file query34.txt (compact mmCIF, N, CA and C atoms)
# COMPACT_ATOMS: atom_id res chain seq x y z
N MET A 17 8.30 8.62 -4.97
CA MET A 17 7.27 9.10 -4.07
C MET A 17 6.71 7.89 -3.30
N THR A 18 6.58 8.06 -2.02
CA THR A 18 6.02 6.98 -1.21
C THR A 18 4.49 7.06 -1.19
N GLN A 19 3.87 5.99 -0.76
CA GLN A 19 2.42 5.99 -0.63
C GLN A 19 1.99 7.05 0.38
N GLU A 20 2.76 7.23 1.42
CA GLU A 20 2.46 8.24 2.43
C GLU A 20 2.54 9.65 1.82
N ASP A 21 3.59 9.91 1.02
CA ASP A 21 3.72 11.21 0.35
C ASP A 21 2.53 11.48 -0.56
N LEU A 22 2.14 10.47 -1.32
CA LEU A 22 1.01 10.60 -2.23
C LEU A 22 -0.27 10.91 -1.45
N GLY A 23 -0.51 10.17 -0.38
CA GLY A 23 -1.70 10.38 0.44
C GLY A 23 -1.78 11.78 1.01
N ARG A 24 -0.65 12.34 1.40
CA ARG A 24 -0.62 13.69 1.97
C ARG A 24 -0.99 14.76 0.95
N GLN A 25 -0.77 14.49 -0.32
CA GLN A 25 -1.02 15.48 -1.37
C GLN A 25 -2.49 15.50 -1.82
N LEU A 26 -3.29 14.57 -1.31
CA LEU A 26 -4.70 14.53 -1.67
C LEU A 26 -5.51 15.38 -0.70
N SER A 27 -6.69 15.78 -1.13
CA SER A 27 -7.56 16.58 -0.28
C SER A 27 -8.93 15.92 -0.21
N PRO A 28 -9.33 15.43 0.95
CA PRO A 28 -8.59 15.42 2.20
C PRO A 28 -7.44 14.42 2.14
N PRO A 29 -6.42 14.62 2.98
CA PRO A 29 -5.29 13.70 3.00
C PRO A 29 -5.75 12.26 3.25
N THR A 30 -5.02 11.33 2.65
CA THR A 30 -5.35 9.91 2.73
C THR A 30 -4.19 9.18 3.37
N THR A 31 -4.50 8.14 4.14
CA THR A 31 -3.44 7.39 4.82
C THR A 31 -2.67 6.52 3.83
N ARG A 32 -1.47 6.11 4.24
CA ARG A 32 -0.65 5.21 3.44
C ARG A 32 -1.40 3.91 3.18
N VAL A 33 -2.11 3.42 4.19
CA VAL A 33 -2.86 2.17 4.06
C VAL A 33 -3.95 2.31 3.00
N SER A 34 -4.65 3.45 3.00
CA SER A 34 -5.69 3.67 1.98
C SER A 34 -5.08 3.72 0.58
N VAL A 35 -3.95 4.39 0.44
CA VAL A 35 -3.28 4.44 -0.87
C VAL A 35 -2.88 3.04 -1.30
N ALA A 36 -2.36 2.24 -0.37
CA ALA A 36 -1.98 0.85 -0.69
C ALA A 36 -3.21 0.04 -1.11
N ASN A 37 -4.32 0.24 -0.41
CA ASN A 37 -5.55 -0.48 -0.76
C ASN A 37 -6.09 -0.06 -2.12
N ILE A 38 -6.01 1.22 -2.43
CA ILE A 38 -6.44 1.71 -3.74
C ILE A 38 -5.54 1.10 -4.82
N GLU A 39 -4.25 1.16 -4.57
CA GLU A 39 -3.27 0.62 -5.52
C GLU A 39 -3.49 -0.87 -5.78
N GLY A 40 -3.86 -1.59 -4.74
CA GLY A 40 -4.08 -3.03 -4.86
C GLY A 40 -5.46 -3.40 -5.35
N GLY A 41 -6.31 -2.41 -5.57
CA GLY A 41 -7.66 -2.67 -6.05
C GLY A 41 -8.61 -3.16 -4.97
N HIS A 42 -8.26 -2.90 -3.72
CA HIS A 42 -9.08 -3.36 -2.60
C HIS A 42 -9.98 -2.27 -2.01
N GLN A 43 -9.87 -1.05 -2.54
CA GLN A 43 -10.66 0.06 -2.02
C GLN A 43 -11.16 0.89 -3.17
N ARG A 44 -12.44 1.20 -3.15
CA ARG A 44 -13.02 2.07 -4.17
C ARG A 44 -12.65 3.52 -3.86
N ILE A 45 -12.60 4.34 -4.90
CA ILE A 45 -12.30 5.75 -4.68
C ILE A 45 -13.35 6.60 -5.39
N LEU A 46 -13.50 7.81 -4.90
CA LEU A 46 -14.44 8.76 -5.50
C LEU A 46 -13.80 9.39 -6.73
N SER A 47 -14.64 9.88 -7.62
CA SER A 47 -14.14 10.44 -8.88
C SER A 47 -13.19 11.61 -8.63
N HIS A 48 -13.48 12.46 -7.64
CA HIS A 48 -12.58 13.59 -7.41
C HIS A 48 -11.22 13.12 -6.89
N THR A 49 -11.18 12.02 -6.18
CA THR A 49 -9.90 11.47 -5.71
C THR A 49 -9.12 10.91 -6.89
N LEU A 50 -9.81 10.28 -7.83
CA LEU A 50 -9.17 9.78 -9.04
C LEU A 50 -8.54 10.92 -9.82
N VAL A 51 -9.25 12.02 -9.93
CA VAL A 51 -8.72 13.20 -10.63
C VAL A 51 -7.48 13.72 -9.90
N GLN A 52 -7.54 13.80 -8.57
CA GLN A 52 -6.40 14.28 -7.78
C GLN A 52 -5.20 13.35 -7.95
N LEU A 53 -5.43 12.05 -7.89
CA LEU A 53 -4.33 11.08 -8.04
C LEU A 53 -3.64 11.28 -9.39
N ALA A 54 -4.42 11.40 -10.44
CA ALA A 54 -3.83 11.59 -11.77
C ALA A 54 -3.01 12.89 -11.81
N ALA A 55 -3.53 13.95 -11.22
CA ALA A 55 -2.82 15.23 -11.21
C ALA A 55 -1.51 15.14 -10.43
N VAL A 56 -1.57 14.55 -9.25
CA VAL A 56 -0.37 14.42 -8.42
C VAL A 56 0.69 13.58 -9.12
N LEU A 57 0.25 12.53 -9.81
CA LEU A 57 1.18 11.63 -10.50
C LEU A 57 1.54 12.11 -11.91
N SER A 58 0.93 13.21 -12.36
CA SER A 58 1.17 13.78 -13.69
C SER A 58 0.90 12.77 -14.81
N VAL A 59 -0.23 12.08 -14.68
CA VAL A 59 -0.65 11.11 -15.70
C VAL A 59 -2.12 11.35 -16.04
N GLU A 60 -2.58 10.72 -17.12
CA GLU A 60 -3.99 10.81 -17.47
C GLU A 60 -4.76 9.82 -16.60
N ILE A 61 -6.02 10.13 -16.35
CA ILE A 61 -6.85 9.27 -15.50
C ILE A 61 -6.84 7.83 -16.01
N THR A 62 -6.96 7.64 -17.30
CA THR A 62 -7.02 6.28 -17.84
C THR A 62 -5.72 5.51 -17.62
N ASP A 63 -4.62 6.22 -17.39
CA ASP A 63 -3.34 5.55 -17.12
C ASP A 63 -3.30 4.87 -15.76
N ILE A 64 -4.16 5.29 -14.84
CA ILE A 64 -4.13 4.69 -13.51
C ILE A 64 -5.32 3.77 -13.23
N LEU A 65 -6.16 3.57 -14.24
CA LEU A 65 -7.26 2.64 -14.08
C LEU A 65 -6.75 1.21 -14.22
N PRO A 66 -7.43 0.25 -13.62
CA PRO A 66 -7.02 -1.14 -13.78
C PRO A 66 -7.03 -1.52 -15.26
N PRO A 67 -6.17 -2.44 -15.68
CA PRO A 67 -6.10 -2.82 -17.10
C PRO A 67 -7.46 -3.20 -17.69
N LYS A 68 -8.26 -3.93 -16.97
CA LYS A 68 -9.56 -4.34 -17.47
C LYS A 68 -10.43 -3.12 -17.80
N ALA A 69 -10.43 -2.14 -16.92
CA ALA A 69 -11.22 -0.92 -17.15
C ALA A 69 -10.63 -0.10 -18.28
N ALA A 70 -9.31 -0.01 -18.34
CA ALA A 70 -8.65 0.78 -19.38
C ALA A 70 -8.90 0.20 -20.77
N GLN A 71 -9.10 -1.11 -20.87
CA GLN A 71 -9.32 -1.76 -22.15
C GLN A 71 -10.72 -1.49 -22.70
N ARG A 72 -11.59 -0.99 -21.90
CA ARG A 72 -12.96 -0.73 -22.38
C ARG A 72 -13.03 0.43 -23.35
N GLY A 73 -11.94 1.18 -23.46
CA GLY A 73 -11.82 2.21 -24.48
C GLY A 73 -12.77 3.38 -24.36
N ALA A 74 -13.37 3.75 -25.48
CA ALA A 74 -14.18 4.97 -25.57
C ALA A 74 -15.36 4.96 -24.61
N LYS A 75 -16.01 3.82 -24.43
CA LYS A 75 -17.15 3.77 -23.50
C LYS A 75 -16.70 4.09 -22.09
N SER A 76 -15.56 3.55 -21.69
CA SER A 76 -15.04 3.82 -20.36
C SER A 76 -14.70 5.30 -20.20
N ASN A 77 -14.04 5.87 -21.19
CA ASN A 77 -13.69 7.29 -21.14
C ASN A 77 -14.93 8.16 -21.09
N ALA A 78 -15.95 7.78 -21.83
CA ALA A 78 -17.19 8.55 -21.82
C ALA A 78 -17.85 8.51 -20.45
N ARG A 79 -17.85 7.35 -19.82
CA ARG A 79 -18.44 7.23 -18.48
C ARG A 79 -17.64 8.04 -17.47
N ILE A 80 -16.32 7.98 -17.57
CA ILE A 80 -15.48 8.75 -16.65
C ILE A 80 -15.72 10.24 -16.87
N THR A 81 -15.78 10.67 -18.13
CA THR A 81 -16.03 12.08 -18.44
C THR A 81 -17.37 12.53 -17.86
N ASP A 82 -18.40 11.71 -18.06
CA ASP A 82 -19.72 12.03 -17.52
C ASP A 82 -19.68 12.15 -16.00
N GLU A 83 -18.96 11.25 -15.35
CA GLU A 83 -18.85 11.27 -13.89
C GLU A 83 -18.12 12.54 -13.42
N VAL A 84 -17.05 12.89 -14.11
CA VAL A 84 -16.29 14.09 -13.76
C VAL A 84 -17.16 15.34 -13.93
N ILE A 85 -17.92 15.39 -15.02
CA ILE A 85 -18.82 16.53 -15.26
C ILE A 85 -19.86 16.59 -14.15
N SER A 86 -20.46 15.46 -13.84
CA SER A 86 -21.53 15.40 -12.85
C SER A 86 -21.04 15.74 -11.45
N LYS A 87 -19.97 15.10 -11.03
CA LYS A 87 -19.51 15.24 -9.64
C LYS A 87 -18.70 16.50 -9.39
N LEU A 88 -17.95 16.94 -10.38
CA LEU A 88 -17.08 18.09 -10.17
C LEU A 88 -17.61 19.37 -10.81
N GLY A 89 -18.67 19.24 -11.60
CA GLY A 89 -19.27 20.41 -12.23
C GLY A 89 -18.39 21.06 -13.28
N LEU A 90 -17.55 20.27 -13.94
CA LEU A 90 -16.67 20.82 -14.96
C LEU A 90 -17.37 20.87 -16.31
N SER A 91 -16.82 21.68 -17.20
CA SER A 91 -17.33 21.72 -18.56
C SER A 91 -16.93 20.43 -19.28
N VAL A 92 -17.59 20.16 -20.39
CA VAL A 92 -17.27 18.95 -21.16
C VAL A 92 -15.82 18.99 -21.61
N SER A 93 -15.36 20.13 -22.11
CA SER A 93 -13.98 20.20 -22.61
C SER A 93 -12.97 20.02 -21.48
N ALA A 94 -13.22 20.60 -20.31
CA ALA A 94 -12.31 20.43 -19.18
C ALA A 94 -12.29 18.98 -18.71
N ALA A 95 -13.46 18.36 -18.67
CA ALA A 95 -13.54 16.95 -18.25
C ALA A 95 -12.79 16.06 -19.23
N LYS A 96 -12.96 16.31 -20.54
CA LYS A 96 -12.27 15.51 -21.54
C LYS A 96 -10.76 15.65 -21.42
N LYS A 97 -10.29 16.85 -21.11
CA LYS A 97 -8.85 17.06 -20.92
C LYS A 97 -8.36 16.24 -19.72
N LEU A 98 -9.11 16.24 -18.63
CA LEU A 98 -8.72 15.47 -17.46
C LEU A 98 -8.68 13.98 -17.75
N VAL A 99 -9.63 13.50 -18.52
CA VAL A 99 -9.70 12.09 -18.84
C VAL A 99 -8.67 11.73 -19.89
N GLY A 100 -8.20 12.71 -20.64
CA GLY A 100 -7.14 12.46 -21.61
C GLY A 100 -7.64 12.36 -23.03
N LYS A 101 -8.82 12.84 -23.30
CA LYS A 101 -9.38 12.80 -24.65
C LYS A 101 -9.76 14.20 -25.08
N SER A 102 -8.79 15.08 -25.20
CA SER A 102 -9.07 16.47 -25.55
C SER A 102 -9.34 16.65 -27.03
call {"tool": "encode", "arguments": {"input": "query34.txt", "output": "structure tokens"}}
result
Amino acid sequence: MTQEDLGRQLSPPTTRVSVANIEGGHQRILSHTLVQLAAVLSVEITDILPPKAAQRGAKSNARITDEVISKLGLSVSAAKKLVGKS
């Protein structure tokens, strides 16, 4: 999959340059975009976080879960499934 293909599958669609900047850690993304990226790539959210963030473990997952609940209005169980801690 190209960066352009990935960008087209997001809502709203994202440019190839934005995907490259996200991939390189040069652009921040919104929580709903992070959820979409994980879904499109068929991975857990924590799998696409930078290594430093992924190493924070349970605290990081809890913050991500809280953000997903807050921003997307999901239930705790649905948010935990998205984050990968069902």
call {"tool": "atom_distance", "arguments": {"input": "query34.txt", "atom1": "atom C of Gly100 in chain A", "atom2": "CA of Ser86 in chain A"}}
result
17.5 Å
call {"tool": "select_by_dssp", "arguments": {"input": "query34.txt", "residues": "chain A", "states": "alpha helix (DSSP H)", "output": "PyMOL selection string"}}
result
chain A and resi 19-24+32-39+47-57+67-70+74-88+92-99
call {"tool": "write_last_selection", "arguments": {"input": "query34.txt", "atoms": "N, CA and C atoms", "output": "short mmCIF file (atom, residue, chain, number, x, y, z; two decimals), keeping the file's coordinate frame"}}
result
data_model
loop_
_atom_site.label_atom_id
_atom_site.label_comp_id
_atom_site.auth_asym_id
_atom_site.auth_seq_id
_atom_site.Cartn_x
_atom_site.Cartn_y
_atom_site.Cartn_z
N GLN A 19 3.87 5.99 -0.76
CA GLN A 19 2.42 5.99 -0.63
C GLN A 19 1.99 7.05 0.38
N GLU A 20 2.76 7.23 1.42
CA GLU A 20 2.46 8.24 2.43
C GLU A 20 2.54 9.65 1.82
N ASP A 21 3.59 9.91 1.02
CA ASP A 21 3.72 11.21 0.35
C ASP A 21 2.53 11.48 -0.56
N LEU A 22 2.14 10.47 -1.32
CA LEU A 22 1.01 10.60 -2.23
C LEU A 22 -0.27 10.91 -1.45
N GLY A 23 -0.51 10.17 -0.38
CA GLY A 23 -1.70 10.38 0.44
C GLY A 23 -1.78 11.78 1.01
N ARG A 24 -0.65 12.34 1.40
CA ARG A 24 -0.62 13.69 1.97
C ARG A 24 -0.99 14.76 0.95
N ARG A 32 -1.47 6.11 4.24
CA ARG A 32 -0.65 5.21 3.44
C ARG A 32 -1.40 3.91 3.18
N VAL A 33 -2.11 3.42 4.19
CA VAL A 33 -2.86 2.17 4.06
C VAL A 33 -3.95 2.31 3.00
N SER A 34 -4.65 3.45 3.00
CA SER A 34 -5.69 3.67 1.98
C SER A 34 -5.08 3.72 0.58
N VAL A 35 -3.95 4.39 0.44
CA VAL A 35 -3.28 4.44 -0.87
C VAL A 35 -2.88 3.04 -1.30
N ALA A 36 -2.36 2.24 -0.37
CA ALA A 36 -1.98 0.85 -0.69
C ALA A 36 -3.21 0.04 -1.11
N ASN A 37 -4.32 0.24 -0.41
CA ASN A 37 -5.55 -0.48 -0.76
C ASN A 37 -6.09 -0.06 -2.12
N ILE A 38 -6.01 1.22 -2.43
CA ILE A 38 -6.44 1.71 -3.74
C ILE A 38 -5.54 1.10 -4.82
N GLU A 39 -4.25 1.16 -4.57
CA GLU A 39 -3.27 0.62 -5.52
C GLU A 39 -3.49 -0.87 -5.78
N SER A 47 -14.64 9.88 -7.62
CA SER A 47 -14.14 10.44 -8.88
C SER A 47 -13.19 11.61 -8.63
N HIS A 48 -13.48 12.46 -7.64
CA HIS A 48 -12.58 13.59 -7.41
C HIS A 48 -11.22 13.12 -6.89
N THR A 49 -11.18 12.02 -6.18
CA THR A 49 -9.90 11.47 -5.71
C THR A 49 -9.12 10.91 -6.89
N LEU A 50 -9.81 10.28 -7.83
CA LEU A 50 -9.17 9.78 -9.04
C LEU A 50 -8.54 10.92 -9.82
N VAL A 51 -9.25 12.02 -9.93
CA VAL A 51 -8.72 13.20 -10.63
C VAL A 51 -7.48 13.72 -9.90
N GLN A 52 -7.54 13.80 -8.57
CA GLN A 52 -6.40 14.28 -7.78
C GLN A 52 -5.20 13.35 -7.95
N LEU A 53 -5.43 12.05 -7.89
CA LEU A 53 -4.33 11.08 -8.04
C LEU A 53 -3.64 11.28 -9.39
N ALA A 54 -4.42 11.40 -10.44
CA ALA A 54 -3.83 11.59 -11.77
C ALA A 54 -3.01 12.89 -11.81
N ALA A 55 -3.53 13.95 -11.22
CA ALA A 55 -2.82 15.23 -11.21
C ALA A 55 -1.51 15.14 -10.43
N VAL A 56 -1.57 14.55 -9.25
CA VAL A 56 -0.37 14.42 -8.42
C VAL A 56 0.69 13.58 -9.12
N LEU A 57 0.25 12.53 -9.81
CA LEU A 57 1.18 11.63 -10.50
C LEU A 57 1.54 12.11 -11.91
N PRO A 67 -6.17 -2.44 -15.68
CA PRO A 67 -6.10 -2.82 -17.10
C PRO A 67 -7.46 -3.20 -17.69
N LYS A 68 -8.26 -3.93 -16.97
CA LYS A 68 -9.56 -4.34 -17.47
C LYS A 68 -10.43 -3.12 -17.80
N ALA A 69 -10.43 -2.14 -16.92
CA ALA A 69 -11.22 -0.92 -17.15
C ALA A 69 -10.63 -0.10 -18.28
N ALA A 70 -9.31 -0.01 -18.34
CA ALA A 70 -8.65 0.78 -19.38
C ALA A 70 -8.90 0.20 -20.77
N ALA A 74 -13.37 3.75 -25.48
CA ALA A 74 -14.18 4.97 -25.57
C ALA A 74 -15.36 4.96 -24.61
N LYS A 75 -16.01 3.82 -24.43
CA LYS A 75 -17.15 3.77 -23.50
C LYS A 75 -16.70 4.09 -22.09
N SER A 76 -15.56 3.55 -21.69
CA SER A 76 -15.04 3.82 -20.36
C SER A 76 -14.70 5.30 -20.20
N ASN A 77 -14.04 5.87 -21.19
CA ASN A 77 -13.69 7.29 -21.14
C ASN A 77 -14.93 8.16 -21.09
N ALA A 78 -15.95 7.78 -21.83
CA ALA A 78 -17.19 8.55 -21.82
C ALA A 78 -17.85 8.51 -20.45
N ARG A 79 -17.85 7.35 -19.82
CA ARG A 79 -18.44 7.23 -18.48
C ARG A 79 -17.64 8.04 -17.47
N ILE A 80 -16.32 7.98 -17.57
CA ILE A 80 -15.48 8.75 -16.65
C ILE A 80 -15.72 10.24 -16.87
N THR A 81 -15.78 10.67 -18.13
CA THR A 81 -16.03 12.08 -18.44
C THR A 81 -17.37 12.53 -17.86
N ASP A 82 -18.40 11.71 -18.06
CA ASP A 82 -19.72 12.03 -17.52
C ASP A 82 -19.68 12.15 -16.00
N GLU A 83 -18.96 11.25 -15.35
CA GLU A 83 -18.85 11.27 -13.89
C GLU A 83 -18.12 12.54 -13.42
N VAL A 84 -17.05 12.89 -14.11
CA VAL A 84 -16.29 14.09 -13.76
C VAL A 84 -17.16 15.34 -13.93
N ILE A 85 -17.92 15.39 -15.02
CA ILE A 85 -18.82 16.53 -15.26
C ILE A 85 -19.86 16.59 -14.15
N SER A 86 -20.46 15.46 -13.84
CA SER A 86 -21.53 15.40 -12.85
C SER A 86 -21.04 15.74 -11.45
N LYS A 87 -19.97 15.10 -11.03
CA LYS A 87 -19.51 15.24 -9.64
C LYS A 87 -18.70 16.50 -9.39
N LEU A 88 -17.95 16.94 -10.38
CA LEU A 88 -17.08 18.09 -10.17
C LEU A 88 -17.61 19.37 -10.81
N VAL A 92 -17.59 20.16 -20.39
CA VAL A 92 -17.27 18.95 -21.16
C VAL A 92 -15.82 18.99 -21.61
N SER A 93 -15.36 20.13 -22.11
CA SER A 93 -13.98 20.20 -22.61
C SER A 93 -12.97 20.02 -21.48
N ALA A 94 -13.22 20.60 -20.31
CA ALA A 94 -12.31 20.43 -19.18
C ALA A 94 -12.29 18.98 -18.71
N ALA A 95 -13.46 18.36 -18.67
CA ALA A 95 -13.54 16.95 -18.25
C ALA A 95 -12.79 16.06 -19.23
N LYS A 96 -12.96 16.31 -20.54
CA LYS A 96 -12.27 15.51 -21.54
C LYS A 96 -10.76 15.65 -21.42
N LYS A 97 -10.29 16.85 -21.11
CA LYS A 97 -8.85 17.06 -20.92
C LYS A 97 -8.36 16.24 -19.72
N LEU A 98 -9.11 16.24 -18.63
CA LEU A 98 -8.72 15.47 -17.46
C LEU A 98 -8.68 13.98 -17.75
N VAL A 99 -9.63 13.50 -18.52
CA VAL A 99 -9.70 12.09 -18.84
C VAL A 99 -8.67 11.73 -19.89
#
call {"tool": "atom_distance", "arguments": {"input": "query34.txt", "atom1": "atom C of Leu53 in chain A", "atom2": "CA of Val84 in chain A"}}
result
13.7 Å
call {"tool": "residues_near_point", "arguments": {"input": "query34.txt", "point": "(-7.3, 10.5, -12.4)", "cutoff": "8 Å", "atoms": "all atoms listed in the file", "output": "number ranges by chain"}}
result
A: 47-56, 59-65, 98-99
call {"tool": "atom_distance", "arguments": {"input": "query34.txt", "atom1": "CA of Lys97 in chain A", "atom2": "atom N of Glu20 in chain A"}}
result
27.0 Å
call {"tool": "residues_around", "arguments": {"input": "query34.txt", "residues": "range 33-36 of chain A", "least_positions_apart": "6", "cutoff": "7 Å", "atoms": "only N, CA and C atoms", "output": "mmCIF file with N, CA and C atoms, in the frame of the given file"}}
result
data_model
loop_
_atom_site.group_PDB
_atom_site.id
_atom_site.type_symbol
_atom_site.label_atom_id
_atom_site.label_comp_id
_atom_site.auth_asym_id
_atom_site.auth_seq_id
_atom_site.Cartn_x
_atom_site.Cartn_y
_atom_site.Cartn_z
ATOM 1 N N GLN A 19 3.870 5.990 -0.760
ATOM 2 C CA GLN A 19 2.420 5.990 -0.630
ATOM 3 C C GLN A 19 1.990 7.050 0.380
ATOM 4 N N GLU A 20 2.760 7.230 1.420
ATOM 5 C CA GLU A 20 2.460 8.240 2.430
ATOM 6 C C GLU A 20 2.540 9.650 1.820
ATOM 7 N N GLY A 23 -0.510 10.170 -0.380
ATOM 8 C CA GLY A 23 -1.700 10.380 0.440
ATOM 9 C C GLY A 23 -1.780 11.780 1.010
ATOM 10 N N HIS A 42 -8.260 -2.900 -3.720
ATOM 11 C CA HIS A 42 -9.080 -3.360 -2.600
ATOM 12 C C HIS A 42 -9.980 -2.270 -2.010
ATOM 13 N N GLN A 43 -9.870 -1.050 -2.540
ATOM 14 C CA GLN A 43 -10.660 0.060 -2.020
ATOM 15 C C GLN A 43 -11.160 0.890 -3.170
#
call {"tool": "closest_residue", "arguments": {"input": "query34.txt", "among": "A:Asn37, A:Pro29, A:Leu57, A:Ala95", "to": "Glu83 in chain A", "atoms": "all atoms listed in the file"}}
result
A:Ala95
call {"tool": "axis_aligned_box", "arguments": {"input": "query34.txt", "around": "range 24-35 of chain A", "padding_each_side": "4 Å", "output": "JSON"}}
result
{"center_x": -5.0, "center_y": 9.4, "center_z": 1.5, "size_x": 16.7, "size_y": 22.4, "size_z": 14.6}
call {"tool": "closest_residue", "arguments": {"input": "query34.txt", "among": "A:Leu22, A:Ile38, A:Ser91, A:Ile80", "to": "Ser58 in chain A", "atoms": "only C-alpha atoms"}}
result
A:Leu22
